file coords_20.cif (mmCIF, C-alpha atoms; chains and numbers go by the auth columns)
data_start
loop_
_atom_site.group_PDB
_atom_site.id
_atom_site.type_symbol
_atom_site.label_atom_id
_atom_site.label_comp_id
_atom_site.label_asym_id
_atom_site.label_seq_id
_atom_site.Cartn_x
_atom_site.Cartn_y
_atom_site.Cartn_z
_atom_site.B_iso_or_equiv
_atom_site.auth_seq_id
_atom_site.auth_asym_id
ATOM 1 C CA MET A 1 155.438 123.309 -141.238 0.00 1 Z
ATOM 2 C CA ALA A 2 153.554 121.342 -138.595 0.00 2 Z
ATOM 3 C CA SER A 3 151.104 119.977 -141.139 0.00 3 Z
ATOM 4 C CA LEU A 4 153.893 118.949 -143.413 0.00 4 Z
ATOM 5 C CA GLN A 5 155.501 116.859 -140.701 0.00 5 Z
ATOM 6 C CA PHE A 6 152.186 115.102 -140.107 0.00 6 Z
ATOM 7 C CA TYR A 7 151.887 113.978 -143.698 0.00 7 Z
ATOM 8 C CA VAL A 8 155.463 112.707 -143.747 0.00 8 Z
ATOM 9 C CA GLN A 9 154.998 110.478 -140.690 0.00 9 Z
ATOM 10 C CA LYS A 10 151.507 109.290 -141.575 0.00 10 Z
ATOM 11 C CA PRO A 11 152.645 106.854 -144.297 0.00 11 Z
ATOM 12 C CA LYS A 12 154.935 105.200 -141.758 0.00 12 Z
ATOM 13 C CA MET A 13 152.069 104.566 -139.399 0.00 13 Z
ATOM 14 C CA SER A 14 149.908 103.210 -142.155 0.00 14 Z
ATOM 15 C CA LEU A 15 152.615 100.789 -143.221 0.00 15 Z
ATOM 16 C CA ALA A 16 152.907 99.568 -139.678 0.00 16 Z
ATOM 17 C CA HIS A 17 149.202 98.862 -139.581 0.00 17 Z
ATOM 18 C CA LEU A 18 149.455 96.916 -142.825 0.00 18 Z
ATOM 19 C CA ARG A 19 151.967 94.386 -141.419 0.00 19 Z
ATOM 20 C CA PRO A 20 150.395 91.012 -140.549 0.00 20 Z
ATOM 21 C CA SER A 21 149.937 90.488 -136.863 0.00 21 Z
ATOM 22 C CA PRO A 22 151.365 87.317 -135.256 0.00 22 Z
ATOM 23 C CA LEU A 23 147.975 86.552 -133.795 0.00 23 Z
ATOM 24 C CA LEU A 24 146.505 86.212 -137.250 0.00 24 Z
ATOM 25 C CA ARG A 25 149.010 83.656 -138.615 0.00 25 Z
ATOM 26 C CA PRO A 26 147.194 80.469 -137.342 0.00 26 Z
ATOM 27 C CA SER A 27 144.239 81.460 -139.451 0.00 27 Z
ATOM 28 C CA LEU A 28 146.244 80.498 -142.520 0.00 28 Z
ATOM 29 C CA VAL A 29 146.635 76.922 -141.227 0.00 29 Z
ATOM 30 C CA LEU A 30 142.996 76.685 -140.225 0.00 30 Z
ATOM 31 C CA SER A 31 141.987 77.678 -143.686 0.00 31 Z
ATOM 32 C CA GLN A 32 142.856 74.141 -144.927 0.00 32 Z
ATOM 33 C CA PRO A 33 140.120 71.537 -144.472 0.00 33 Z
ATOM 34 C CA LEU A 34 140.764 69.114 -141.592 0.00 34 Z
ATOM 35 C CA ILE A 35 140.755 65.404 -142.391 0.00 35 Z
ATOM 36 C CA PRO A 36 139.994 63.017 -139.519 0.00 36 Z
ATOM 37 C CA ARG A 37 142.796 60.565 -138.609 0.00 37 Z
ATOM 38 C CA THR A 38 140.522 57.583 -139.010 0.00 38 Z
ATOM 39 C CA SER A 39 139.621 58.514 -142.574 0.00 39 Z
ATOM 40 C CA GLN A 40 143.291 58.850 -143.509 0.00 40 Z
ATOM 41 C CA SER A 41 144.041 55.286 -142.370 0.00 41 Z
ATOM 42 C CA THR A 42 141.373 53.851 -144.613 0.00 42 Z
ATOM 43 C CA TYR A 43 143.105 54.910 -147.843 0.00 43 Z
ATOM 44 C CA ALA A 44 146.026 52.972 -149.298 0.00 44 Z
ATOM 45 C CA THR A 45 148.578 54.336 -151.707 0.00 45 Z
ATOM 46 C CA HIS A 46 150.124 52.575 -154.648 0.00 46 Z
ATOM 47 C CA SER A 47 153.335 52.067 -152.702 0.00 47 Z
ATOM 48 C CA ASP A 48 151.433 50.305 -149.915 0.00 48 Z
ATOM 49 C CA LEU A 49 149.785 47.943 -152.385 0.00 49 Z
ATOM 50 C CA GLY A 50 153.117 47.024 -153.949 0.00 50 Z
ATOM 51 C CA ARG A 51 154.694 46.397 -150.532 0.00 51 Z
ATOM 52 C CA GLY A 52 151.849 44.093 -149.460 0.00 52 Z
ATOM 53 C CA SER A 53 152.031 41.950 -152.583 0.00 53 Z
ATOM 54 C CA ALA A 54 155.795 41.566 -152.196 0.00 54 Z
ATOM 55 C CA SER A 55 155.498 40.288 -148.595 0.00 55 Z
ATOM 56 C CA ALA A 56 152.874 37.627 -149.423 0.00 56 Z
ATOM 57 C CA PRO A 57 154.341 34.015 -149.130 0.00 57 Z
ATOM 58 C CA ARG A 58 154.962 32.247 -152.399 0.00 58 Z
ATOM 59 C CA ARG A 59 153.604 28.728 -152.848 0.00 59 Z
ATOM 60 C CA ARG A 60 156.342 26.106 -152.889 0.00 60 Z
ATOM 61 C CA ASN A 61 156.328 23.407 -155.527 0.00 61 Z
ATOM 62 C CA VAL A 62 155.578 19.914 -154.244 0.00 62 Z
ATOM 63 C CA THR A 63 158.181 17.278 -155.110 0.00 63 Z
ATOM 64 C CA VAL A 64 158.933 13.762 -153.969 0.00 64 Z
ATOM 65 C CA LEU A 65 161.428 15.001 -151.378 0.00 65 Z
ATOM 66 C CA SER A 66 159.683 18.206 -150.265 0.00 66 Z
ATOM 67 C CA ASP A 67 156.067 17.021 -149.925 0.00 67 Z
ATOM 68 C CA ASP A 68 154.995 17.454 -146.298 0.00 68 Z
ATOM 69 C CA GLY A 69 151.250 17.147 -146.774 0.00 69 Z
ATOM 70 C CA ARG A 70 150.655 20.874 -146.420 0.00 70 Z
ATOM 71 C CA TYR A 71 148.468 21.084 -149.508 0.00 71 Z
ATOM 72 C CA THR A 72 145.388 19.015 -150.190 0.00 72 Z
ATOM 73 C CA TRP A 73 145.047 16.723 -153.182 0.00 73 Z
ATOM 74 C CA SER A 74 142.769 19.176 -155.005 0.00 74 Z
ATOM 75 C CA GLU A 75 145.379 21.945 -154.721 0.00 75 Z
ATOM 76 C CA LEU A 76 148.077 19.915 -156.475 0.00 76 Z
ATOM 77 C CA SER A 77 148.894 20.005 -160.132 0.00 77 Z
ATOM 78 C CA GLY A 78 149.233 16.887 -162.255 0.00 78 Z
ATOM 79 C CA ARG A 79 152.992 16.661 -161.757 0.00 79 Z
ATOM 80 C CA GLU A 80 152.664 17.273 -158.024 0.00 80 Z
ATOM 81 C CA LYS A 81 150.077 14.504 -157.724 0.00 81 Z
ATOM 82 C CA VAL A 82 152.491 12.099 -159.371 0.00 82 Z
ATOM 83 C CA ALA A 83 155.201 13.176 -156.908 0.00 83 Z
ATOM 84 C CA ARG A 84 152.932 12.616 -153.905 0.00 84 Z
ATOM 85 C CA ALA A 85 151.791 9.206 -155.173 0.00 85 Z
ATOM 86 C CA THR A 86 155.428 8.185 -155.698 0.00 86 Z
ATOM 87 C CA GLN A 87 156.385 9.271 -152.204 0.00 87 Z
ATOM 88 C CA GLN A 88 153.487 7.427 -150.578 0.00 88 Z
ATOM 89 C CA SER A 89 154.226 4.264 -152.558 0.00 89 Z
ATOM 90 C CA PHE A 90 157.865 4.366 -151.477 0.00 90 Z
ATOM 91 C CA ASN A 91 156.878 4.846 -147.834 0.00 91 Z
ATOM 92 C CA PHE A 92 154.508 1.888 -148.072 0.00 92 Z
ATOM 93 C CA VAL A 93 157.271 -0.330 -149.490 0.00 93 Z
ATOM 94 C CA VAL A 94 159.623 0.734 -146.684 0.00 94 Z
ATOM 95 C CA VAL A 95 157.003 -0.135 -144.071 0.00 95 Z
ATOM 96 C CA LEU A 96 156.426 -3.563 -145.629 0.00 96 Z
ATOM 97 C CA ALA A 97 160.162 -4.242 -145.787 0.00 97 Z
ATOM 98 C CA GLY A 98 160.571 -3.259 -142.140 0.00 98 Z
ATOM 99 C CA ALA A 99 157.686 -5.500 -141.093 0.00 99 Z
ATOM 100 C CA ALA A 100 159.107 -8.444 -143.057 0.00 100 Z
ATOM 101 C CA LEU A 101 162.563 -7.936 -141.563 0.00 101 Z
ATOM 102 C CA THR A 102 161.154 -7.719 -138.047 0.00 102 Z
ATOM 103 C CA GLY A 103 159.129 -10.883 -138.602 0.00 103 Z
ATOM 104 C CA GLY A 104 162.211 -12.696 -139.885 0.00 104 Z
ATOM 105 C CA VAL A 105 164.228 -11.675 -136.838 0.00 105 Z
ATOM 106 C CA PHE A 106 161.511 -12.892 -134.463 0.00 106 Z
ATOM 107 C CA TYR A 107 161.164 -16.167 -136.383 0.00 107 Z
ATOM 108 C CA LEU A 108 164.910 -16.793 -136.295 0.00 108 Z
ATOM 109 C CA LEU A 109 165.042 -15.922 -132.608 0.00 109 Z
ATOM 110 C CA TYR A 110 162.225 -18.351 -131.834 0.00 110 Z
ATOM 111 C CA THR A 111 163.585 -21.242 -133.881 0.00 111 Z
ATOM 112 C CA GLU A 112 167.139 -20.871 -132.550 0.00 112 Z
ATOM 113 C CA VAL A 113 166.467 -19.976 -128.904 0.00 113 Z
ATOM 114 C CA PHE A 114 162.907 -20.391 -127.649 0.00 114 Z
ATOM 115 C CA SER A 115 161.646 -23.334 -129.681 0.00 115 Z
ATOM 116 C CA PRO A 116 161.725 -26.723 -127.883 0.00 116 Z
ATOM 117 C CA ASN A 117 163.433 -28.153 -130.972 0.00 117 Z
ATOM 118 C CA SER A 118 166.270 -25.611 -130.971 0.00 118 Z
ATOM 119 C CA LYS A 119 169.815 -26.486 -129.969 0.00 119 Z
ATOM 120 C CA THR A 120 169.853 -23.785 -127.293 0.00 120 Z
ATOM 121 C CA TRP A 121 166.691 -25.165 -125.678 0.00 121 Z
ATOM 122 C CA GLN A 122 168.082 -28.708 -125.609 0.00 122 Z
ATOM 123 C CA PHE A 123 171.393 -27.448 -124.213 0.00 123 Z
ATOM 124 C CA GLU A 124 169.652 -25.662 -121.345 0.00 124 Z
ATOM 125 C CA LYS A 125 167.495 -28.722 -120.699 0.00 125 Z
ATOM 126 C CA ALA A 126 170.530 -31.043 -120.559 0.00 126 Z
ATOM 127 C CA VAL A 127 172.366 -28.692 -118.184 0.00 127 Z
ATOM 128 C CA GLU A 128 169.346 -28.644 -115.896 0.00 128 Z
ATOM 129 C CA ARG A 129 169.274 -32.456 -115.924 0.00 129 Z
ATOM 130 C CA ILE A 130 172.934 -32.547 -114.851 0.00 130 Z
ATOM 131 C CA LYS A 131 172.364 -30.076 -112.016 0.00 131 Z
ATOM 132 C CA ASN A 132 169.360 -32.015 -110.701 0.00 132 Z
ATOM 133 C CA ASP A 133 171.116 -35.387 -110.627 0.00 133 Z
ATOM 134 C CA ALA A 134 172.667 -36.302 -107.265 0.00 134 Z
ATOM 135 C CA ARG A 135 175.407 -38.398 -108.846 0.00 135 Z
ATOM 136 C CA CYS A 136 176.548 -35.467 -110.982 0.00 136 Z
ATOM 137 C CA THR A 137 176.519 -32.978 -108.100 0.00 137 Z
ATOM 138 C CA ASN A 138 178.566 -35.398 -105.992 0.00 138 Z
ATOM 139 C CA LEU A 139 181.285 -35.265 -108.632 0.00 139 Z
ATOM 140 C CA LEU A 140 181.030 -31.613 -109.653 0.00 140 Z
ATOM 141 C CA GLY A 141 179.950 -29.912 -106.435 0.00 141 Z
ATOM 142 C CA ASP A 142 177.150 -27.505 -105.491 0.00 142 Z
ATOM 143 C CA ARG A 143 174.597 -27.219 -108.308 0.00 143 Z
ATOM 144 C CA ARG A 144 174.429 -23.446 -107.866 0.00 144 Z
ATOM 145 C CA GLU A 145 178.120 -23.174 -108.766 0.00 145 Z
ATOM 146 C CA ILE A 146 178.081 -25.509 -111.778 0.00 146 Z
ATOM 147 C CA GLN A 147 178.794 -23.751 -115.073 0.00 147 Z
ATOM 148 C CA ALA A 148 178.269 -25.115 -118.584 0.00 148 Z
ATOM 149 C CA TYR A 149 180.132 -23.859 -121.641 0.00 149 Z
ATOM 150 C CA GLY A 150 181.102 -24.865 -125.136 0.00 150 Z
ATOM 151 C CA GLU A 151 184.357 -25.386 -126.931 0.00 151 Z
ATOM 152 C CA ASN A 152 187.283 -22.999 -126.717 0.00 152 Z
ATOM 153 C CA THR A 153 187.857 -20.801 -129.753 0.00 153 Z
ATOM 154 C CA TRP A 154 191.000 -19.342 -131.246 0.00 154 Z
ATOM 155 C CA SER A 155 189.433 -15.877 -131.359 0.00 155 Z
ATOM 156 C CA ARG A 156 190.202 -13.740 -128.322 0.00 156 Z
ATOM 157 C CA TRP A 157 187.229 -11.540 -129.189 0.00 157 Z
ATOM 158 C CA ALA A 158 184.643 -14.322 -128.989 0.00 158 Z
ATOM 159 C CA ARG A 159 182.896 -14.186 -125.635 0.00 159 Z
ATOM 160 C CA ASN A 160 180.462 -17.062 -126.224 0.00 160 Z
ATOM 161 C CA ARG A 161 181.879 -20.544 -126.638 0.00 161 Z
ATOM 162 C CA PRO A 162 180.002 -22.461 -129.335 0.00 162 Z
ATOM 163 C CA ILE A 163 178.329 -25.744 -128.458 0.00 163 Z
ATOM 164 C CA ALA A 164 179.598 -28.610 -130.613 0.00 164 Z
ATOM 165 C CA THR A 165 176.414 -29.822 -132.316 0.00 165 Z
ATOM 166 C CA THR A 166 175.749 -31.897 -135.414 0.00 166 Z
ATOM 167 C CA ILE A 167 172.384 -32.803 -136.947 0.00 167 Z
ATOM 168 C CA GLU A 168 172.148 -35.586 -139.527 0.00 168 Z
ATOM 169 C CA LYS A 169 169.523 -37.901 -140.977 0.00 169 Z
ATOM 170 C CA ASP A 170 169.673 -41.671 -141.140 0.00 170 Z
ATOM 171 C CA HIS A 171 168.347 -43.930 -143.894 0.00 171 Z
ATOM 172 C CA GLN A 172 164.934 -43.964 -142.208 0.00 172 Z
ATOM 173 C CA GLY A 173 164.576 -40.180 -142.434 0.00 173 Z
ATOM 174 C CA ARG A 174 165.026 -39.570 -138.712 0.00 174 Z
ATOM 175 C CA GLU A 175 167.078 -36.634 -137.499 0.00 175 Z
ATOM 176 C CA HIS A 176 169.940 -37.326 -135.083 0.00 176 Z
ATOM 177 C CA MET A 177 171.382 -34.514 -132.979 0.00 177 Z
ATOM 178 C CA ARG A 178 174.669 -35.021 -131.179 0.00 178 Z
ATOM 179 C CA MET A 179 175.913 -32.441 -128.713 0.00 179 Z
ATOM 180 C CA ASN A 180 179.007 -32.174 -126.508 0.00 180 Z
ATOM 181 C CA PHE A 181 179.696 -29.470 -123.928 0.00 181 Z
ATOM 182 C CA HIS A 182 181.743 -28.968 -120.790 0.00 182 Z
ATOM 183 C CA VAL A 183 180.656 -28.509 -117.181 0.00 183 Z
ATOM 184 C CA ALA A 184 182.725 -27.277 -114.256 0.00 184 Z
ATOM 185 C CA GLY A 185 181.989 -27.138 -110.538 0.00 185 Z
ATOM 186 C CA PRO A 186 183.874 -26.419 -107.323 0.00 186 Z
ATOM 187 C CA ARG A 187 185.086 -30.043 -107.137 0.00 187 Z
ATOM 188 C CA ASN A 188 185.684 -31.285 -110.674 0.00 188 Z
ATOM 189 C CA SER A 189 184.995 -30.596 -114.321 0.00 189 Z
ATOM 190 C CA GLY A 190 183.760 -32.953 -116.991 0.00 190 Z
ATOM 191 C CA THR A 191 182.168 -33.416 -120.396 0.00 191 Z
ATOM 192 C CA VAL A 192 178.514 -34.067 -121.199 0.00 192 Z
ATOM 193 C CA PHE A 193 177.529 -36.200 -124.202 0.00 193 Z
ATOM 194 C CA VAL A 194 174.038 -35.886 -125.689 0.00 194 Z
ATOM 195 C CA HIS A 195 172.480 -37.960 -128.451 0.00 195 Z
ATOM 196 C CA MET A 196 168.883 -37.254 -129.438 0.00 196 Z
ATOM 197 C CA VAL A 197 166.606 -38.596 -132.162 0.00 197 Z
ATOM 198 C CA LYS A 198 163.492 -37.066 -133.709 0.00 198 Z
ATOM 199 C CA PRO A 199 161.197 -39.806 -135.090 0.00 199 Z
ATOM 200 C CA THR A 200 159.509 -39.273 -138.407 0.00 200 Z
ATOM 201 C CA ASP A 201 156.054 -39.390 -136.781 0.00 201 Z
ATOM 202 C CA ALA A 202 156.935 -36.946 -133.946 0.00 202 Z
ATOM 203 C CA SER A 203 157.970 -33.309 -133.680 0.00 203 Z
ATOM 204 C CA GLU A 204 160.021 -33.489 -130.464 0.00 204 Z
ATOM 205 C CA TRP A 205 163.480 -34.842 -129.723 0.00 205 Z
ATOM 206 C CA GLU A 206 163.906 -38.038 -127.734 0.00 206 Z
ATOM 207 C CA TYR A 207 166.981 -38.934 -125.718 0.00 207 Z
ATOM 208 C CA ARG A 208 169.155 -41.798 -126.813 0.00 208 Z
ATOM 209 C CA LEU A 209 172.093 -40.871 -124.607 0.00 209 Z
ATOM 210 C CA LEU A 210 172.788 -38.331 -121.858 0.00 210 Z
ATOM 211 C CA ALA A 211 175.962 -39.000 -119.913 0.00 211 Z
ATOM 212 C CA LEU A 212 178.599 -37.173 -117.874 0.00 212 Z
ATOM 213 C CA GLU A 213 182.260 -38.137 -117.935 0.00 213 Z
ATOM 214 C CA VAL A 214 184.662 -36.874 -115.278 0.00 214 Z
ATOM 215 C CA LYS A 215 188.294 -37.847 -115.560 0.00 215 Z
ATOM 216 C CA GLY A 216 189.191 -40.468 -112.966 0.00 216 Z
ATOM 217 C CA TYR A 217 185.572 -41.468 -112.243 0.00 217 Z
ATOM 218 C CA SER A 218 183.065 -43.830 -113.740 0.00 218 Z
ATOM 219 C CA ARG A 219 180.743 -42.543 -116.435 0.00 219 Z
ATOM 220 C CA VAL A 220 177.396 -41.288 -115.135 0.00 220 Z
ATOM 221 C CA VAL A 221 174.579 -42.221 -117.519 0.00 221 Z
ATOM 222 C CA LEU A 222 171.327 -40.287 -117.121 0.00 222 Z
ATOM 223 C CA GLU A 223 169.588 -41.468 -120.328 0.00 223 Z
ATOM 224 C CA GLU A 224 170.376 -44.413 -122.548 0.00 224 Z
ATOM 225 C CA ARG A 225 167.960 -45.945 -125.013 0.00 225 Z
ATOM 226 C CA HIS A 226 168.604 -48.295 -127.888 0.00 226 Z
ATOM 227 C CA ASP A 227 166.715 -48.256 -131.146 0.00 227 Z
ATOM 228 C CA PRO A 228 164.455 -51.277 -131.697 0.00 228 Z
ATOM 229 C CA LYS A 229 166.058 -53.783 -134.011 0.00 229 Z
ATOM 230 C CA VAL A 230 164.478 -54.264 -137.398 0.00 230 Z
ATOM 231 C CA GLY A 231 165.355 -57.603 -139.007 0.00 231 Z
ATOM 232 C CA GLY A 232 168.028 -58.251 -136.365 0.00 232 Z
ATOM 233 C CA GLU A 233 170.088 -55.086 -136.999 0.00 233 Z
ATOM 234 C CA VAL A 234 169.894 -51.313 -137.166 0.00 234 Z
ATOM 235 C CA LYS A 235 171.953 -49.221 -139.568 0.00 235 Z
ATOM 236 C CA ILE A 236 172.859 -45.660 -138.505 0.00 236 Z
ATOM 237 C CA PHE A 237 175.347 -43.468 -140.401 0.00 237 Z
ATOM 238 C CA GLY A 238 176.432 -46.480 -142.448 0.00 238 Z
ATOM 239 C CA ILE A 239 177.236 -48.574 -139.364 0.00 239 Z
ATOM 240 C CA ARG A 240 175.258 -51.706 -138.565 0.00 240 Z
ATOM 241 C CA TRP A 241 174.335 -52.120 -134.912 0.00 241 Z
ATOM 242 C CA ARG A 242 173.281 -55.537 -133.618 0.00 242 Z
#
call {"tool": "encode", "arguments": {"input": "coords_20.cif", "output": "structure tokens"}}
result
Amino acid sequence: MASLQFYVQKPKMSLAHLRPSPLLRPSLVLSQPLIPRTSQSTYATHSDLGRGSASAPRRRNVTVLSDDGRYTWSELSGREKVARATQQSFNFVVVLAGAALTGGVFYLLYTEVFSPNSKTWQFEKAVERIKNDARCTNLLGDRREIQAYGENTWSRWARNRPIATTIEKDHQGREHMRMNFHVAGPRNSGTVFVHMVKPTDASEWEYRLLALEVKGYSRVVLEERHDPKVGGEVKIFGIRWR
């Protein structure tokens, strides 16, 4: 009976020995070949290749409005070269138009303001003559307080008063400029009359009359010249002067 019990329990012990031990389980993982991390990073899958091509920037077409000079001339197609040439031609025309407009503005500013033959220049010169004359300052007052201005206008928005000026030619081809403006000082106010002539053989104006009139006082004449008589008379603006 004792031997029979031994044989009954022996299979149980043998089955226990056949169970895998926990200490032997890592050997299953180590059985696979190890691949270094650096070697794994050197391989690219098909999905990686597709993702890289999708993220690459796409070349933008060059047009007249979108050309920023990013691409060289050799990189452009025939149509893009035409677009760039059109854009550059338009920019060149704009630059020329701007230069011409700027030149015209400077020319107009010089001829109307800074040129010795301009009305503004002659106005400033006549005002300075009035301020430097002792007879005029005696009537008007301190030269530093004398103001000169043009005619009154109906527009309440007009700050500058225009100077009454006329330029005409006589039968000899000479230009005559007549100018009237007002002056006011701490004592009195008056009117200045200017008559200038530009001879045909000269480029500068010459005074024929420069006078100041103050109401209640005698006329102050600063310049007064008469034209030389030709054949006993001179005809200006259809009027014969002896």
call {"tool": "atom_distance", "arguments": {"input": "coords_20.cif", "atom1": "atom CA of Z:Gln122", "atom2": "atom CA of Z:Trp205"}}
result
8.7 Å
call {"tool": "resolve_selection", "arguments": {"input": "coords_20.cif", "expression": "the PyMOL selection byres ((chain Z and resi 165) around 8)", "output": "PDB file with C-alpha atoms, keeping the file's coordinate frame"}}
result
ATOM      1  CA  LYS Z 119     169.815 -26.486-129.969  1.00  0.00           C
ATOM      2  CA  ILE Z 163     178.329 -25.744-128.458  1.00  0.00           C
ATOM      3  CA  ALA Z 164     179.598 -28.610-130.613  1.00  0.00           C
ATOM      4  CA  THR Z 166     175.749 -31.897-135.414  1.00  0.00           C
ATOM      5  CA  ILE Z 167     172.384 -32.803-136.947  1.00  0.00           C
ATOM      6  CA  MET Z 177     171.382 -34.514-132.979  1.00  0.00           C
ATOM      7  CA  ARG Z 178     174.669 -35.021-131.179  1.00  0.00           C
ATOM      8  CA  MET Z 179     175.913 -32.441-128.713  1.00  0.00           C
ATOM      9  CA  ASN Z 180     179.007 -32.174-126.508  1.00  0.00           C
TER      10      ASN Z 180
END
call {"tool": "resolve_selection", "arguments": {"input": "coords_20.cif", "expression": "the PyMOL selection byres ((chain Z and resi 189-191) around 8)", "output": "PyMOL selection string"}}
result
chain Z and resi 140+180-185+187-188+192-193+212-215
call {"tool": "atom_distance", "arguments": {"input": "coords_20.cif", "atom1": "atom CA of Z:Ala83", "atom2": "atom CA of Z:Asp67"}}
result
8.0 Å
call {"tool": "atom_distance", "arguments": {"input": "coords_20.cif", "atom1": "atom CA of Z:His195", "atom2": "atom CA of Z:Leu209"}}
result
4.8 Å
call {"tool": "residues_around", "arguments": {"input": "coords_20.cif", "residues": "stretch 84-93 of chain Z", "least_positions_apart": "2", "cutoff": "9 Å", "atoms": "only C-alpha atoms", "output": "number ranges by chain"}}
result
Z: 62-65, 67, 69, 73, 79-82, 95-98
call {"tool": "write_last_selection", "arguments": {"input": "coords_20.cif", "atoms": "C-alpha atoms", "output": "mmCIF file, keeping the file's coordinate frame"}}
result
data_model
loop_
_atom_site.group_PDB
_atom_site.id
_atom_site.type_symbol
_atom_site.label_atom_id
_atom_site.label_comp_id
_atom_site.auth_asym_id
_atom_site.auth_seq_id
_atom_site.Cartn_x
_atom_site.Cartn_y
_atom_site.Cartn_z
ATOM 1 C CA VAL Z 62 155.578 19.914 -154.244
ATOM 2 C CA THR Z 63 158.181 17.278 -155.110
ATOM 3 C CA VAL Z 64 158.933 13.762 -153.969
ATOM 4 C CA LEU Z 65 161.428 15.001 -151.378
ATOM 5 C CA ASP Z 67 156.067 17.021 -149.925
ATOM 6 C CA GLY Z 69 151.250 17.147 -146.774
ATOM 7 C CA TRP Z 73 145.047 16.723 -153.182
ATOM 8 C CA ARG Z 79 152.992 16.661 -161.757
ATOM 9 C CA GLU Z 80 152.664 17.273 -158.024
ATOM 10 C CA LYS Z 81 150.077 14.504 -157.724
ATOM 11 C CA VAL Z 82 152.491 12.099 -159.371
ATOM 12 C CA VAL Z 95 157.003 -0.135 -144.071
ATOM 13 C CA LEU Z 96 156.426 -3.563 -145.629
ATOM 14 C CA ALA Z 97 160.162 -4.242 -145.787
ATOM 15 C CA GLY Z 98 160.571 -3.259 -142.140
#
call {"tool": "resolve_selection", "arguments": {"input": "coords_20.cif", "expression": "the PyMOL selection byres ((chain Z and resi 220) around 8)", "output": "PyMOL selection string"}}
result
chain Z and resi 135-136+211-213+218-219+221-222
call {"tool": "residues_around", "arguments": {"input": "coords_20.cif", "residues": "stretch 196-202 of chain Z", "least_positions_apart": "2", "cutoff": "10 Å", "atoms": "all atoms listed in the file", "output": "list in words"}}
result
Asn117, Gln122, Ile167, Glu168, Lys169, Asp170, Gln172, Gly173, Arg174, Glu175, His176, Met177, Arg178, Met179, Val194, Glu204, Trp205, Glu206, Tyr207, Arg208, Leu209, Leu210, Arg225 and Asp227 of chain Z
call {"tool": "residues_near_point", "arguments": {"input": "coords_20.cif", "point": "(176.3, -26.7, -108.6)", "cutoff": "10 Å", "atoms": "only C-alpha atoms", "output": "list in words"}}
result
Ile130, Lys131, Asn132, Cys136, Thr137, Asn138, Leu139, Leu140, Gly141, Asp142, Arg143, Arg144, Glu145, Ile146, Gln147, Val183, Ala184, Gly185, Pro186 and Arg187 of chain Z
call {"tool": "axis_aligned_box", "arguments": {"input": "coords_20.cif", "around": "stretch 88-105 of chain Z", "padding_each_side": "6 Å", "output": "AutoDock Vina command-line options"}}
result
--center_x 158.9 --center_y -2.6 --center_z -144.7 --size_x 22.7 --size_y 32.1 --size_z 27.7
call {"tool": "closest_residue", "arguments": {"input": "coords_20.cif", "among": "Z:Val105, Z:Asp68, Z:Glu223, Z:Pro162", "to": "Z:Ala126", "atoms": "only C-alpha atoms"}}
result
Z:Glu223
